>>> print(open('entry39.txt').read())   # compact mmCIF, C-alpha atoms
# COMPACT_ATOMS: atom_id res chain seq x y z
CA MET U 19 174.00 -68.41 -139.50
CA GLU U 20 177.53 -67.45 -140.46
CA THR U 21 178.20 -65.55 -137.24
CA LEU U 22 177.33 -68.53 -135.05
CA ALA U 23 179.92 -70.77 -136.64
CA LEU U 24 182.83 -71.97 -134.58
CA ARG U 25 185.99 -70.93 -136.42
CA GLU U 26 188.33 -73.82 -137.11
CA GLN U 27 191.14 -72.57 -134.86
CA PHE U 28 188.95 -72.94 -131.75
CA ASP U 29 187.94 -76.12 -129.93
CA THR U 30 184.79 -74.77 -128.29
CA ALA U 31 182.46 -71.77 -128.42
CA ASP U 32 183.62 -70.80 -124.91
CA GLN U 33 187.22 -70.74 -126.05
CA GLN U 34 186.28 -68.58 -129.04
CA LYS U 35 184.45 -66.16 -126.72
CA ASP U 36 187.40 -66.00 -124.30
CA ALA U 37 189.73 -65.23 -127.20
CA SER U 38 187.51 -62.28 -128.25
CA THR U 39 187.45 -60.94 -124.71
CA LEU U 40 191.21 -61.26 -124.37
CA GLY U 41 191.76 -59.59 -127.74
CA MET U 42 189.57 -56.65 -126.72
CA TRP U 43 191.43 -56.27 -123.44
CA ILE U 44 194.75 -56.18 -125.27
CA PHE U 45 193.35 -53.41 -127.48
CA LEU U 46 192.18 -51.59 -124.34
CA LEU U 47 195.70 -51.83 -122.90
CA THR U 48 197.06 -49.99 -125.95
CA GLU U 49 194.37 -47.40 -125.20
CA ILE U 50 195.46 -47.18 -121.55
CA MET U 51 199.00 -46.41 -122.69
CA PHE U 52 197.70 -43.96 -125.33
CA PHE U 53 195.72 -41.97 -122.75
CA GLY U 54 198.46 -42.66 -120.19
CA GLY U 55 200.84 -40.51 -122.23
CA MET U 56 198.40 -37.59 -122.01
CA PHE U 57 197.87 -38.06 -118.28
CA LEU U 58 201.64 -38.13 -117.85
CA LEU U 59 202.06 -34.90 -119.81
CA TYR U 60 199.36 -33.29 -117.68
CA THR U 61 201.08 -34.45 -114.47
CA VAL U 62 204.46 -33.11 -115.63
CA TYR U 63 203.14 -29.65 -116.56
CA ARG U 64 200.97 -29.47 -113.47
CA HIS U 65 204.14 -30.11 -111.48
CA LEU U 66 206.04 -27.39 -113.37
CA TYR U 67 203.29 -24.71 -113.21
CA PRO U 68 201.23 -25.56 -110.10
CA THR U 69 199.71 -22.11 -109.46
CA VAL U 70 198.70 -21.34 -113.06
CA PHE U 71 197.22 -24.83 -113.45
CA ALA U 72 195.28 -24.37 -110.21
CA VAL U 73 193.79 -21.06 -111.36
CA ALA U 74 193.01 -22.34 -114.88
CA SER U 75 191.57 -25.62 -113.58
CA SER U 76 189.27 -23.83 -111.14
CA SER U 77 187.81 -21.80 -114.03
CA LEU U 78 186.25 -24.96 -115.51
CA ASN U 79 182.55 -25.59 -114.91
CA ALA U 80 182.57 -28.25 -112.17
CA VAL U 81 178.77 -28.54 -112.11
CA LEU U 82 178.62 -29.48 -115.79
CA GLY U 83 181.60 -31.80 -115.28
CA ALA U 84 179.92 -33.61 -112.39
CA ALA U 85 176.61 -33.80 -114.27
CA ASN U 86 178.39 -35.32 -117.26
CA THR U 87 180.11 -37.86 -115.01
CA ALA U 88 176.69 -38.93 -113.75
CA VAL U 89 175.34 -39.14 -117.32
CA LEU U 90 178.26 -41.36 -118.33
CA LEU U 91 177.88 -43.63 -115.28
CA CYS U 92 174.18 -44.03 -116.10
CA SER U 93 175.10 -44.94 -119.68
CA SER U 94 177.49 -47.61 -118.36
CA PHE U 95 174.62 -48.98 -116.27
CA THR U 96 172.27 -49.20 -119.27
CA MET U 97 175.11 -50.71 -121.33
CA VAL U 98 175.71 -53.47 -118.81
CA LEU U 99 171.96 -54.14 -118.78
CA ALA U 100 172.08 -54.45 -122.59
CA VAL U 101 174.88 -57.00 -122.28
CA ARG U 102 172.89 -58.85 -119.60
CA ALA U 103 169.81 -58.87 -121.84
CA ALA U 104 171.97 -60.32 -124.61
CA GLN U 105 173.32 -63.03 -122.28
CA LEU U 106 169.71 -63.97 -121.49
CA GLY U 107 168.68 -63.72 -125.15
CA GLN U 108 166.04 -61.04 -124.45
CA ARG U 109 166.07 -59.47 -127.92
CA ARG U 110 163.71 -56.58 -127.26
CA ALA U 111 165.50 -55.63 -124.05
CA ILE U 112 168.86 -55.55 -125.86
CA ILE U 113 167.51 -52.95 -128.29
CA ILE U 114 165.85 -50.86 -125.56
CA PHE U 115 168.97 -50.70 -123.38
CA LEU U 116 171.25 -49.99 -126.35
CA ILE U 117 169.00 -47.10 -127.40
CA LEU U 118 169.04 -45.71 -123.83
CA THR U 119 172.84 -45.95 -123.83
CA LEU U 120 172.95 -44.15 -127.17
CA ILE U 121 170.72 -41.34 -125.87
CA LEU U 122 172.93 -40.89 -122.78
CA GLY U 123 176.01 -40.90 -125.03
CA PHE U 124 174.51 -38.04 -127.06
CA ALA U 125 173.59 -36.22 -123.83
CA PHE U 126 177.24 -36.39 -122.71
CA LEU U 127 178.45 -35.02 -126.05
CA GLY U 128 175.82 -32.27 -125.90
CA VAL U 129 176.97 -31.09 -122.47
CA LYS U 130 180.57 -31.27 -123.71
CA ALA U 131 179.66 -29.04 -126.66
CA VAL U 132 178.11 -26.48 -124.26
CA GLU U 133 181.30 -26.49 -122.17
CA TRP U 134 183.57 -26.09 -125.17
CA ASN U 135 181.40 -23.25 -126.40
CA GLU U 136 181.87 -21.49 -123.04
CA LYS U 137 185.62 -21.69 -123.61
CA PHE U 138 185.29 -20.00 -127.00
CA VAL U 139 183.17 -17.23 -125.47
CA GLU U 140 185.69 -16.71 -122.63
CA HIS U 141 188.72 -16.69 -125.01
CA HIS U 142 190.08 -19.74 -123.21
CA VAL U 143 190.76 -21.61 -126.45
CA PRO U 144 194.53 -21.75 -127.15
CA GLY U 145 195.49 -19.53 -130.06
CA PHE U 146 196.00 -15.87 -130.98
CA THR U 147 192.85 -14.70 -129.19
CA PHE U 148 193.69 -16.54 -125.97
CA HIS U 149 193.44 -14.44 -122.85
CA PHE U 150 193.10 -15.60 -119.27
CA GLU U 151 191.91 -12.69 -117.15
CA GLY U 152 193.89 -11.92 -114.00
CA LEU U 153 197.17 -13.51 -115.07
CA PRO U 154 200.29 -11.47 -116.03
CA ALA U 155 201.60 -11.71 -119.62
CA ASP U 156 204.39 -14.14 -118.76
CA LEU U 157 201.90 -16.64 -117.31
CA GLN U 158 199.51 -16.59 -120.28
CA GLY U 159 201.72 -19.25 -121.91
CA PRO U 160 201.39 -21.82 -119.10
CA ALA U 161 197.64 -21.07 -118.95
CA GLN U 162 197.42 -21.87 -122.68
CA LEU U 163 199.26 -25.09 -121.91
CA PHE U 164 196.55 -26.07 -119.44
CA PHE U 165 193.79 -25.40 -121.97
CA SER U 166 195.72 -27.18 -124.73
CA LEU U 167 195.84 -30.25 -122.51
CA TYR U 168 192.20 -29.77 -121.54
CA PHE U 169 191.10 -29.70 -125.18
CA ALA U 170 193.45 -32.53 -126.22
CA MET U 171 192.30 -34.83 -123.41
CA THR U 172 188.58 -34.08 -123.43
CA GLY U 173 188.70 -33.96 -127.25
CA LEU U 174 190.32 -37.38 -127.49
CA HIS U 175 187.80 -38.69 -124.98
CA ALA U 176 184.92 -37.17 -126.97
CA LEU U 177 186.31 -38.77 -130.14
CA HIS U 178 186.12 -42.13 -128.37
CA MET U 179 182.53 -41.31 -127.40
CA VAL U 180 181.71 -40.55 -131.05
CA ILE U 181 183.20 -43.91 -132.09
CA GLY U 182 181.19 -45.53 -129.27
CA VAL U 183 178.00 -43.88 -130.57
CA GLY U 184 178.82 -45.34 -134.00
CA LEU U 185 179.30 -48.80 -132.50
CA LEU U 186 176.00 -48.54 -130.60
CA THR U 187 174.16 -47.51 -133.77
CA PHE U 188 175.61 -50.52 -135.58
CA LEU U 189 174.64 -52.84 -132.70
CA ILE U 190 171.07 -51.48 -132.59
CA LEU U 191 170.65 -52.05 -136.34
CA GLN U 192 172.05 -55.60 -136.06
CA ALA U 193 169.96 -56.34 -132.95
CA ARG U 194 166.83 -55.24 -134.83
CA LYS U 195 167.63 -57.88 -137.43
CA GLY U 196 167.75 -60.42 -134.59
CA LYS U 197 171.46 -61.16 -134.97
CA TYR U 198 172.15 -61.51 -131.24
CA SER U 199 171.03 -64.33 -129.00
CA ALA U 200 172.15 -66.04 -125.81
CA GLU U 201 174.41 -68.26 -127.98
CA TYR U 202 175.96 -65.39 -129.93
CA MET U 203 176.35 -61.94 -128.37
CA THR U 204 180.11 -61.35 -128.62
CA PRO U 205 179.80 -57.95 -130.42
CA VAL U 206 177.50 -56.59 -127.68
CA ASP U 207 179.88 -57.86 -125.00
CA ILE U 208 182.97 -56.41 -126.69
CA ALA U 209 181.33 -53.04 -127.38
CA GLY U 210 180.34 -53.03 -123.69
CA LEU U 211 183.99 -53.38 -122.68
CA TYR U 212 184.86 -50.43 -124.94
CA TRP U 213 182.05 -48.27 -123.58
CA HIS U 214 183.02 -48.94 -119.93
CA PHE U 215 186.65 -48.23 -120.74
CA VAL U 216 185.75 -44.80 -122.12
CA ASP U 217 183.77 -44.27 -118.91
CA ILE U 218 186.87 -45.09 -116.82
CA ILE U 219 188.94 -42.52 -118.73
CA TRP U 220 186.38 -39.87 -117.80
CA ILE U 221 186.39 -41.08 -114.17
CA PHE U 222 190.02 -39.89 -114.08
CA LEU U 223 189.67 -36.84 -116.34
CA PHE U 224 186.92 -35.33 -114.21
CA PRO U 225 188.78 -35.03 -110.87
CA LEU U 226 192.17 -34.30 -112.46
CA LEU U 227 190.98 -31.51 -114.76
CA TYR U 228 188.06 -30.04 -112.80
CA LEU U 229 188.44 -30.76 -109.10
CA ILE U 230 191.84 -31.17 -107.50
CA ASP U 231 192.64 -27.47 -107.08
CA ARG U 232 189.19 -26.27 -106.00
CA HIS U 233 190.14 -26.06 -102.32
CA LEU U 234 192.86 -23.47 -102.93
CA PRO U 235 192.06 -19.83 -102.03
CA LYS U 236 191.34 -17.69 -105.12
CA MET L 20 184.43 -70.10 -119.25
CA SER L 21 180.83 -70.77 -118.41
CA GLU L 22 178.70 -67.63 -118.51
CA HIS L 23 178.07 -65.86 -115.21
CA ILE L 24 175.04 -63.62 -115.30
CA ASP L 25 174.83 -61.08 -112.50
CA SER L 26 171.48 -59.90 -111.20
CA ILE L 27 170.07 -56.47 -112.01
CA LYS L 28 170.21 -55.82 -108.26
CA THR L 29 174.00 -56.24 -108.25
CA TYR L 30 174.43 -53.89 -111.21
CA ALA L 31 172.06 -51.33 -109.68
CA ALA L 32 174.03 -51.40 -106.40
CA VAL L 33 177.29 -50.80 -108.29
CA TRP L 34 175.68 -47.99 -110.30
CA ILE L 35 174.40 -46.25 -107.15
CA ALA L 36 177.80 -46.66 -105.47
CA LEU L 37 179.42 -45.01 -108.51
CA LEU L 38 177.01 -42.06 -108.37
CA VAL L 39 177.58 -41.65 -104.62
CA LEU L 40 181.36 -41.70 -105.10
CA THR L 41 181.01 -39.02 -107.82
CA GLY L 42 179.09 -36.87 -105.34
CA VAL L 43 181.70 -37.48 -102.64
CA THR L 44 184.66 -36.63 -104.87
CA THR L 45 182.94 -33.40 -106.01
CA ALA L 46 182.01 -32.34 -102.47
CA VAL L 47 185.38 -33.19 -100.92
CA ALA L 48 187.17 -31.14 -103.60
CA TYR L 49 185.91 -27.95 -101.91
CA VAL L 50 187.31 -29.01 -98.52
CA ASP L 51 190.88 -27.89 -97.88
CA LEU L 52 192.91 -31.06 -97.45
CA GLY L 53 196.14 -29.47 -98.67
CA SER L 54 198.17 -31.77 -100.88
CA PHE L 55 195.94 -34.68 -99.84
CA SER L 56 193.24 -33.40 -102.21
CA VAL L 57 194.99 -35.13 -105.10
CA VAL L 58 195.41 -38.34 -103.12
CA VAL L 59 191.74 -38.45 -102.10
CA ALA L 60 190.60 -37.68 -105.67
CA LEU L 61 192.79 -40.42 -107.11
CA VAL L 62 191.81 -43.00 -104.49
CA ILE L 63 188.11 -42.37 -105.20
CA ALA L 64 188.75 -42.52 -108.97
CA PHE L 65 190.62 -45.80 -108.48
CA CYS L 66 187.76 -47.28 -106.43
CA LYS L 67 185.28 -46.28 -109.15
CA THR L 68 187.54 -47.87 -111.77
CA MET L 69 187.66 -51.10 -109.78
CA LEU L 70 183.85 -51.17 -109.54
CA VAL L 71 183.45 -50.60 -113.27
CA ALA L 72 186.16 -53.11 -114.23
CA LEU L 73 185.19 -55.90 -111.81
CA PHE L 74 181.41 -55.71 -112.22
CA PHE L 75 180.50 -53.90 -115.46
CA MET L 76 183.46 -55.27 -117.43
CA HIS L 77 183.05 -58.71 -115.83
CA VAL L 78 186.71 -58.98 -114.85
CA ARG L 79 185.75 -60.91 -111.72
CA HIS L 80 184.26 -63.65 -113.93
CA SER L 81 187.04 -63.50 -116.55
CA THR L 82 189.70 -66.09 -117.23
CA ARG L 83 193.01 -65.88 -115.39
CA LEU L 84 194.74 -64.89 -118.60
CA THR L 85 192.45 -61.87 -119.02
CA LYS L 86 193.02 -60.87 -115.39
CA LEU L 87 196.77 -61.13 -115.93
CA VAL L 88 196.53 -58.88 -118.99
CA VAL L 89 194.53 -56.26 -117.06
CA VAL L 90 196.99 -56.21 -114.16
CA GLY L 91 199.91 -56.18 -116.61
CA GLY L 92 198.47 -53.10 -118.33
CA LEU L 93 198.15 -51.22 -115.05
CA LEU L 94 201.72 -52.22 -114.19
CA TRP L 95 203.05 -50.73 -117.45
CA LEU L 96 201.09 -47.55 -116.83
CA ALA L 97 202.57 -47.36 -113.33
CA ILE L 98 206.08 -47.76 -114.78
CA LEU L 99 205.42 -44.97 -117.31
CA LEU L 100 204.17 -42.56 -114.63
CA THR L 101 206.57 -43.45 -111.80
CA PHE L 102 209.81 -43.43 -113.74
CA THR L 103 209.05 -40.24 -115.68
CA MET L 104 207.95 -38.38 -112.55
CA ALA L 105 210.96 -39.68 -110.61
CA ASP L 106 213.08 -37.97 -113.27
CA ILE L 107 211.06 -34.73 -113.48
CA VAL L 108 210.75 -34.21 -109.71
CA THR L 109 214.44 -34.78 -108.95
CA ARG L 110 215.93 -32.66 -111.75
CA GLY L 111 217.95 -29.56 -110.93
CA TRP L 112 216.57 -27.74 -114.08
>>> encode(input="entry39.txt", output="structure tokens")
Amino acid sequence: METLALREQFDTADQQKDASTLGMWIFLLTEIMFFGGMFLLYTVYRHLYPTVFAVASSSLNAVLGAANTAVLLCSSFTMVLAVRAAQLGQRRAIIIFLILTLILGFAFLGVKAVEWNEKFVEHHVPGFTFHFEGLPADLQGPAQLFFSLYFAMTGLHALHMVIGVGLLTFLILQARKGKYSAEYMTPVDIAGLYWHFVDIIWIFLFPLLYLIDRHLPK
Amino acid sequence: MSEHIDSIKTYAAVWIALLVLTGVTTAVAYVDLGSFSVVVALVIAFCKTMLVALFFMHVRHSTRLTKLVVVGGLLWLAILLTFTMADIVTRGW
């Protein structure tokens, strides 16, 4: 099979595998810096407008946020089980765990869609119709800033989830053809790294956007 | 690198720890810890990240070069955040 072949630049299959892992991690580092810029922007504006950000942040639905965190952590668990099944060459188990991961991925995006819809209903989407109740006119701007960052960060994260769903679909189709075995499972492994990385981004987004100002008096 | 295959038990323990930490970070957010709220939230998030990276992303079984790249990435992120905030916080505006 073409995919099993050892490319000529590598001495051993292990070396080839290590090179793939390293390459994926270097890609993930560019992603860390990409998201890092957004986290930095959020930190800067939160520092400049602490009270408005606290009020706006506390208006988010923490229950849905926490539920989605749990969904994503479960999907990481099923993903790692898919990778483990691939390492052991259990072809049926690979497909089952990938499908479970895919379902949880869709569940996350579904909850996200419900949350975004709430924002449209409440006029919390930045734009001409934006209005945050209880804030004077001069603070509507900073409140829009919070929701701009909220949509940019959760939107970028959701885009990564959509790409992840695409990757999972591809892997499931390939796994059904019996492409992955204990000897060759690099794509499953690499996609696993990506999926867990997207999970880690949410692990930071959830407390920073939803939680850290909850303790303040309304 | 020879393949290390962790047991389902190990992964399940990590998964449950992650869910518990999510519960803790949500619950503690409603307790008034003053400015420590951010610190606690970030420490818990960092612990969860370590669990995901070390176990689910197999960093603990990775080559030294991969580990170096991971640590290097976090270092660059720290530089980005620290130096920019050092500027923002100390400005006279």
>>> residues_near_point(input="entry39.txt", point="(192.0, -35.3, -108.3)", cutoff="8 Å", atoms="all atoms listed in the file", output="PyMOL selection string")
(chain U and resi 222+224-231) or (chain L and resi 48+56-61+64)
>>> closest_atom_pairs(input="entry39.txt", of="chain L", to="chain U", cutoff="7 Å", atoms="only C-alpha atoms", output="JSON lines")
{"residue": "L:Met20", "atom": "CA", "partner": "U:Asp32", "partner_atom": "CA", "distance": 5.8}
{"residue": "L:Ile24", "atom": "CA", "partner": "U:Arg102", "partner_atom": "CA", "distance": 6.8}
{"residue": "L:Trp34", "atom": "CA", "partner": "U:Phe95", "partner_atom": "CA", "distance": 6.1}
{"residue": "L:Leu38", "atom": "CA", "partner": "U:Ala88", "partner_atom": "CA", "distance": 6.2}
{"residue": "L:Thr45", "atom": "CA", "partner": "U:Leu229", "partner_atom": "CA", "distance": 6.8}
{"residue": "L:Ala48", "atom": "CA", "partner": "U:Leu229", "partner_atom": "CA", "distance": 5.7}
{"residue": "L:Tyr49", "atom": "CA", "partner": "U:His233", "partner_atom": "CA", "distance": 4.7}
{"residue": "L:Val50", "atom": "CA", "partner": "U:His233", "partner_atom": "CA", "distance": 5.6}
{"residue": "L:Asp51", "atom": "CA", "partner": "U:His233", "partner_atom": "CA", "distance": 4.9}
{"residue": "L:Ser56", "atom": "CA", "partner": "U:Ile230", "partner_atom": "CA", "distance": 5.9}
{"residue": "L:Val57", "atom": "CA", "partner": "U:Ile230", "partner_atom": "CA", "distance": 5.6}
{"residue": "L:Ala60", "atom": "CA", "partner": "U:Pro225", "partner_atom": "CA", "distance": 6.1}
{"residue": "L:Ala64", "atom": "CA", "partner": "U:Phe222", "partner_atom": "CA", "distance": 5.9}
{"residue": "L:Thr68", "atom": "CA", "partner": "U:Ile218", "partner_atom": "CA", "distance": 5.8}
{"residue": "L:Val71", "atom": "CA", "partner": "U:His214", "partner_atom": "CA", "distance": 6.9}
{"residue": "L:Phe75", "atom": "CA", "partner": "U:Val98", "partner_atom": "CA", "distance": 5.9}
{"residue": "L:Met76", "atom": "CA", "partner": "U:Leu211", "partner_atom": "CA", "distance": 5.6}
{"residue": "L:Thr85", "atom": "CA", "partner": "U:Leu40", "partner_atom": "CA", "distance": 5.5}
{"residue": "L:Gly92", "atom": "CA", "partner": "U:Leu47", "partner_atom": "CA", "distance": 5.5}
{"residue": "L:Leu96", "atom": "CA", "partner": "U:Met51", "partner_atom": "CA", "distance": 6.3}
{"residue": "L:Leu100", "atom": "CA", "partner": "U:Leu58", "partner_atom": "CA", "distance": 6.0}
>>> atom_distance(input="entry39.txt", atom1="atom CA of Leu37 of chain L", atom2="atom CA of Leu118 of chain U")
18.5 Å
>>> atom_distance(input="entry39.txt", atom1="atom CA of Ser77 of chain U", atom2="atom CA of Thr103 of chain L")
28.2 Å
>>> atom_distance(input="entry39.txt", atom1="atom CA of Phe164 of chain U", atom2="atom CA of Val70 of chain U")
8.2 Å
>>> closest_residue(input="entry39.txt", among="U:Thr69, U:Leu116, U:Phe126, U:Ser75", to="Val180 of chain U", atoms="all atoms listed in the file")
U:Phe126
>>> axis_aligned_box(input="entry39.txt", around="segment 127-145 of chain U", padding_each_side="6 Å", output="lines of an AutoDock Vina configuration file")
center_x = 185.7
center_y = -25.9
center_z = -126.1
size_x = 31.7
size_y = 30.3
size_z = 19.9
>>> residues_around(input="entry39.txt", residues="Leu186 of chain U", least_positions_apart="2", cutoff="9 Å", atoms="all atoms listed in the file", output="list in words")
Leu116, Ile117, Thr119, Leu120, Ile181, Gly182, Val183, Gly184, Phe188, Leu189, Ile190, Leu191, Val206 and Ala209 of chain U
>>> residues_near_point(input="entry39.txt", point="(198.9, -25.7, -119.2)", cutoff="10 Å", atoms="only C-alpha atoms", output="PyMOL selection string")
chain U and resi 59-60+62-64+66-68+70-72+74-75+144+157-168
>>> closest_residue(input="entry39.txt", among="U:Thr187, U:Thr30, U:Asn135, U:Gln108", to="Ser199 of chain U", atoms="all atoms listed in the file")
U:Gln108
